[in-house]
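Enquirer: For reference, the structure I am asking about is given below.
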Amino acid sequence: MKAYFISGLGADKKAFQKIKLPIAYDPVYLDWIPPQKNESLGNYARRFSSLIKNDDAFILIGLSFGGMLASEIARLRRPMKTIIISSLASSNELPWYFKQAGKMGLHKAVPMKFLKAGTVIKNIMGVASKEDKAIIYNYAKFADPDLVRWSINAIVNWDQPDRLPGIVHLHGSNDRMLPLKYTHPDFVIKGGGHLMIFNKADEVNKILNEVLSMN
């Protein structure tokens with residue numbers, strides 16, 4: 001069965017380099033497509049879903065913003081299972097300050113240089129090892145500014161209050177980007193930050209294997 005992976009905020013398949021699924025699953029890493037001006041997450045998901053073949057029996061695995069996108073796609077394409085990691089299951093789980101920033105348009109005033117600053121991202125992601133820092137700085141260097149801008153706008157203006165039935169949500173207890181207290185995950189990884197897919201990969205893989213063995 002195909003396992004379609006969607007990374008977060010313009011990242012690529014390297015985000016999933018430590019993830020190992022059961023042998024029955026064939027990983028397919030979906031690349032971000034250029035967003036249209038002022039496009040909603042729902043409309044973007046409709047266009048993005050064309051990357052998934054109609055005859056596929058598949059699952060979706062989304063990381064961070066990719067998890068929100070996966071939730072929207074799942075409403076259109078009905079995967080066998082939808083798994084989100086370090087993400088949100090509905091717009092009701094957005095922290096209040098994200099919603100406020102969206103209403104006031106504050107996110108549009110933040111300089112791109114600040115948004116792409118490796119030190120800023122490193123602190124928010126809660127990384128410590130040299131390997132994790134290198135990944136973050138590489139992201140900051142090569143991230144597409146237009147995609148980053150659109151992603152942030154889509155997040156703060158996301159309007160999907162209903163959690164998708166059957167969604168499986170993994171979250172870290174120390175996530176600074178999307179604090180645990182605002183979310184309702186099915187599995188909480190103790191000490192996991194927003195980048196736990198790297199530095200808590202063994203625990204993430206264990207849960208993924210348990211969830212997927214239930215099919």
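Quick note on naming: the chains in the structure tokens go A, B, ... in the order shown, residues restart at 1 in each chain, and ligands are numbered from 1 in order of appearance.
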Could you name the residues that touch Ile59 (chain A) at 6 Å or less, counting only C-alpha atoms, but leaving out those on the same chain fewer than 6 positions away, as an NGL selection string?
Expert: :A and (3 or 79-82)
Enquirer: Region 175-190 of chain A: which residues within 9 Å, counting only C-alpha atoms, same-chain residues fewer than 3 positions away excluded, as a list in words?
Expert: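 That gives Ser64, Ser86, Ser87, Leu88, Ala89, Ser90, Asn92, Glu93, Leu94, Pro95, Trp96, Asn123, Ile124, Met125, Gly126, Ile167, Val168, His169, Leu170, His171, Gly172, Gly193, His194, Leu195, Met196, Lys200, Glu203, Val204 and Ile207 of chain A.
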Enquirer: Would you save the residues from that selection as a short mmCIF file (atom, residue, chain, number, x, y, z; two decimals), in the first residue's frame, using N, CA and C atoms?
Expert:
data_model
loop_
_atom_site.label_atom_id
_atom_site.label_comp_id
_atom_site.auth_asym_id
_atom_site.auth_seq_id
_atom_site.Cartn_x
_atom_site.Cartn_y
_atom_site.Cartn_z
N SER A 64 3.65 18.50 10.84
CA SER A 64 3.45 19.93 11.11
C SER A 64 2.38 20.50 10.18
N SER A 86 3.20 16.17 15.12
CA SER A 86 3.56 17.55 15.50
C SER A 86 2.70 18.54 14.73
N SER A 87 1.40 18.32 14.78
CA SER A 87 0.49 19.09 13.94
C SER A 87 -0.79 19.42 14.71
N LEU A 88 -1.83 19.82 13.98
CA LEU A 88 -3.12 20.13 14.56
C LEU A 88 -4.20 19.35 13.82
N ALA A 89 -5.17 18.83 14.56
CA ALA A 89 -6.24 18.05 13.95
C ALA A 89 -7.39 18.92 13.46
N SER A 90 -7.48 20.14 13.93
CA SER A 90 -8.51 21.08 13.47
C SER A 90 -8.07 22.49 13.80
N ASN A 92 -9.58 24.51 15.56
CA ASN A 92 -9.89 24.80 16.95
C ASN A 92 -8.67 24.62 17.85
N GLU A 93 -7.66 23.89 17.36
CA GLU A 93 -6.46 23.65 18.16
C GLU A 93 -5.37 24.70 17.91
N LEU A 94 -5.64 25.64 17.03
CA LEU A 94 -4.68 26.72 16.83
C LEU A 94 -4.53 27.52 18.11
N PRO A 95 -3.30 27.80 18.57
CA PRO A 95 -3.13 28.65 19.74
C PRO A 95 -3.79 30.01 19.53
N TRP A 96 -4.31 30.59 20.58
CA TRP A 96 -5.07 31.83 20.46
C TRP A 96 -4.26 32.95 19.81
N ASN A 123 15.31 27.73 18.04
CA ASN A 123 14.75 27.89 19.38
C ASN A 123 13.29 27.44 19.44
N ILE A 124 12.54 27.76 18.40
CA ILE A 124 11.13 27.37 18.37
C ILE A 124 10.99 25.86 18.24
N MET A 125 11.85 25.27 17.42
CA MET A 125 11.79 23.83 17.20
C MET A 125 12.29 23.04 18.40
N GLY A 126 13.09 23.67 19.25
CA GLY A 126 13.60 23.00 20.43
C GLY A 126 14.65 21.96 20.12
N ILE A 167 -8.74 10.16 12.53
CA ILE A 167 -7.38 10.68 12.37
C ILE A 167 -6.53 10.23 13.56
N VAL A 168 -5.25 9.98 13.33
CA VAL A 168 -4.33 9.57 14.39
C VAL A 168 -3.29 10.68 14.56
N HIS A 169 -3.18 11.21 15.76
CA HIS A 169 -2.35 12.38 16.02
C HIS A 169 -1.26 12.06 17.04
N LEU A 170 0.02 12.27 16.64
CA LEU A 170 1.17 12.12 17.52
C LEU A 170 1.72 13.51 17.83
N HIS A 171 2.00 13.77 19.11
CA HIS A 171 2.48 15.09 19.48
C HIS A 171 3.52 14.98 20.60
N GLY A 172 4.41 15.94 20.67
CA GLY A 172 5.42 15.97 21.71
C GLY A 172 5.00 16.82 22.89
N GLY A 193 9.87 17.50 21.11
CA GLY A 193 9.64 18.86 20.63
C GLY A 193 9.03 18.81 19.24
N HIS A 194 8.99 19.96 18.58
CA HIS A 194 8.38 20.02 17.25
C HIS A 194 9.17 19.18 16.25
N LEU A 195 10.44 18.96 16.53
CA LEU A 195 11.29 18.19 15.63
C LEU A 195 11.50 16.76 16.13
N MET A 196 10.54 16.24 16.88
CA MET A 196 10.71 14.91 17.46
C MET A 196 10.80 13.82 16.41
N LYS A 200 13.38 11.94 18.30
CA LYS A 200 12.60 10.91 19.01
C LYS A 200 12.07 9.90 17.99
N GLU A 203 10.79 6.37 19.02
CA GLU A 203 9.48 6.35 19.66
C GLU A 203 8.36 6.61 18.65
N VAL A 204 8.63 7.51 17.72
CA VAL A 204 7.64 7.79 16.67
C VAL A 204 7.42 6.53 15.82
N ILE A 207 5.26 3.86 17.54
CA ILE A 207 3.83 4.16 17.51
C ILE A 207 3.26 3.94 16.11
#
Enquirer: Do you know which residues are at most 12 Å from Asn43 (chain A) counting only C-alpha atoms, after dropping those on the same chain fewer than 2 positions away, and could you put them as a PyMOL selection string?
Expert: chain A and resi 35-41+45-50+69+72-73+76+154+158-159
Enquirer: What's the separation between CA of Leu60 (chain A) and CA of Asp144 (chain A), in Å to one decimal place?
Expert: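 If I compute the distance from CA of Leu60 (chain A) to CA of Asp144 (chain A), I get 23.6 Å.
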Enquirer: Could you tell me which of A:Leu208, A:Asp202, A:Ile155, A:Gly8 comes closest to Lys99 (chain A) if we count only C-alpha atoms?
Expert: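 Nearest candidate to Lys99 (chain A) out of A:Leu208, A:Asp202, A:Ile155, A:Gly8: A:Ile155.
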Enquirer: Figure out the distance between CA of Phe58 (chain A) and CA of Gly192 (chain A), please, to one decimal in Å.
Expert: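 CA of Gly192 (chain A) sits 27.4 Å away from CA of Phe58 (chain A).
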Enquirer: Let me make sure I understand: among A:Leu51, A:Ile85, A:Ala15, A:Leu63, which one has the smallest atom-to-atom distance to Phe198 (chain A) if we use only C-alpha atoms?
Expert: A:Ala15
Enquirer: Would you mind telling me which residue in A:Ile23, A:Leu164, A:Ile84, A:Ala201 lies nearest to Phe65 (chain A) when using only C-alpha atoms?
Expert: A:Ile84
Enquirer: Can you work out the spacing between CA of Leu21 (chain A) and CA of Asn209 (chain A) in Å, to one decimal?
Expert: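 One can read the CA of Leu21 (chain A) to CA of Asn209 (chain A) distance as 6.3 Å.
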Enquirer: With only C-alpha atoms as the basis for distance, which of A:Lys206, A:Tyr29, A:Asn199, A:Ser151 is at the shortest distance from Met68 (chain A)?
Expert: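 Once distances to Met68 (chain A) are computed over only C-alpha atoms, the minimum belongs to A:Ser151.
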Enquirer: Restricting the calculation to only C-alpha atoms: of A:Tyr44, A:Trp150, A:Tyr4, A:Tyr97, which residue gets closest to Asp26 (chain A)?
Expert: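 Looking only at the distances to Asp26 (chain A), the closest residue turns out to be A:Tyr4.
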Enquirer: Kindly indicate which residue among A:Leu212, A:Ile6, A:Ile52, A:Ile33 lies nearest to Ala70 (chain A), using only C-alpha atoms for the distances.
Expert: A:Ile6
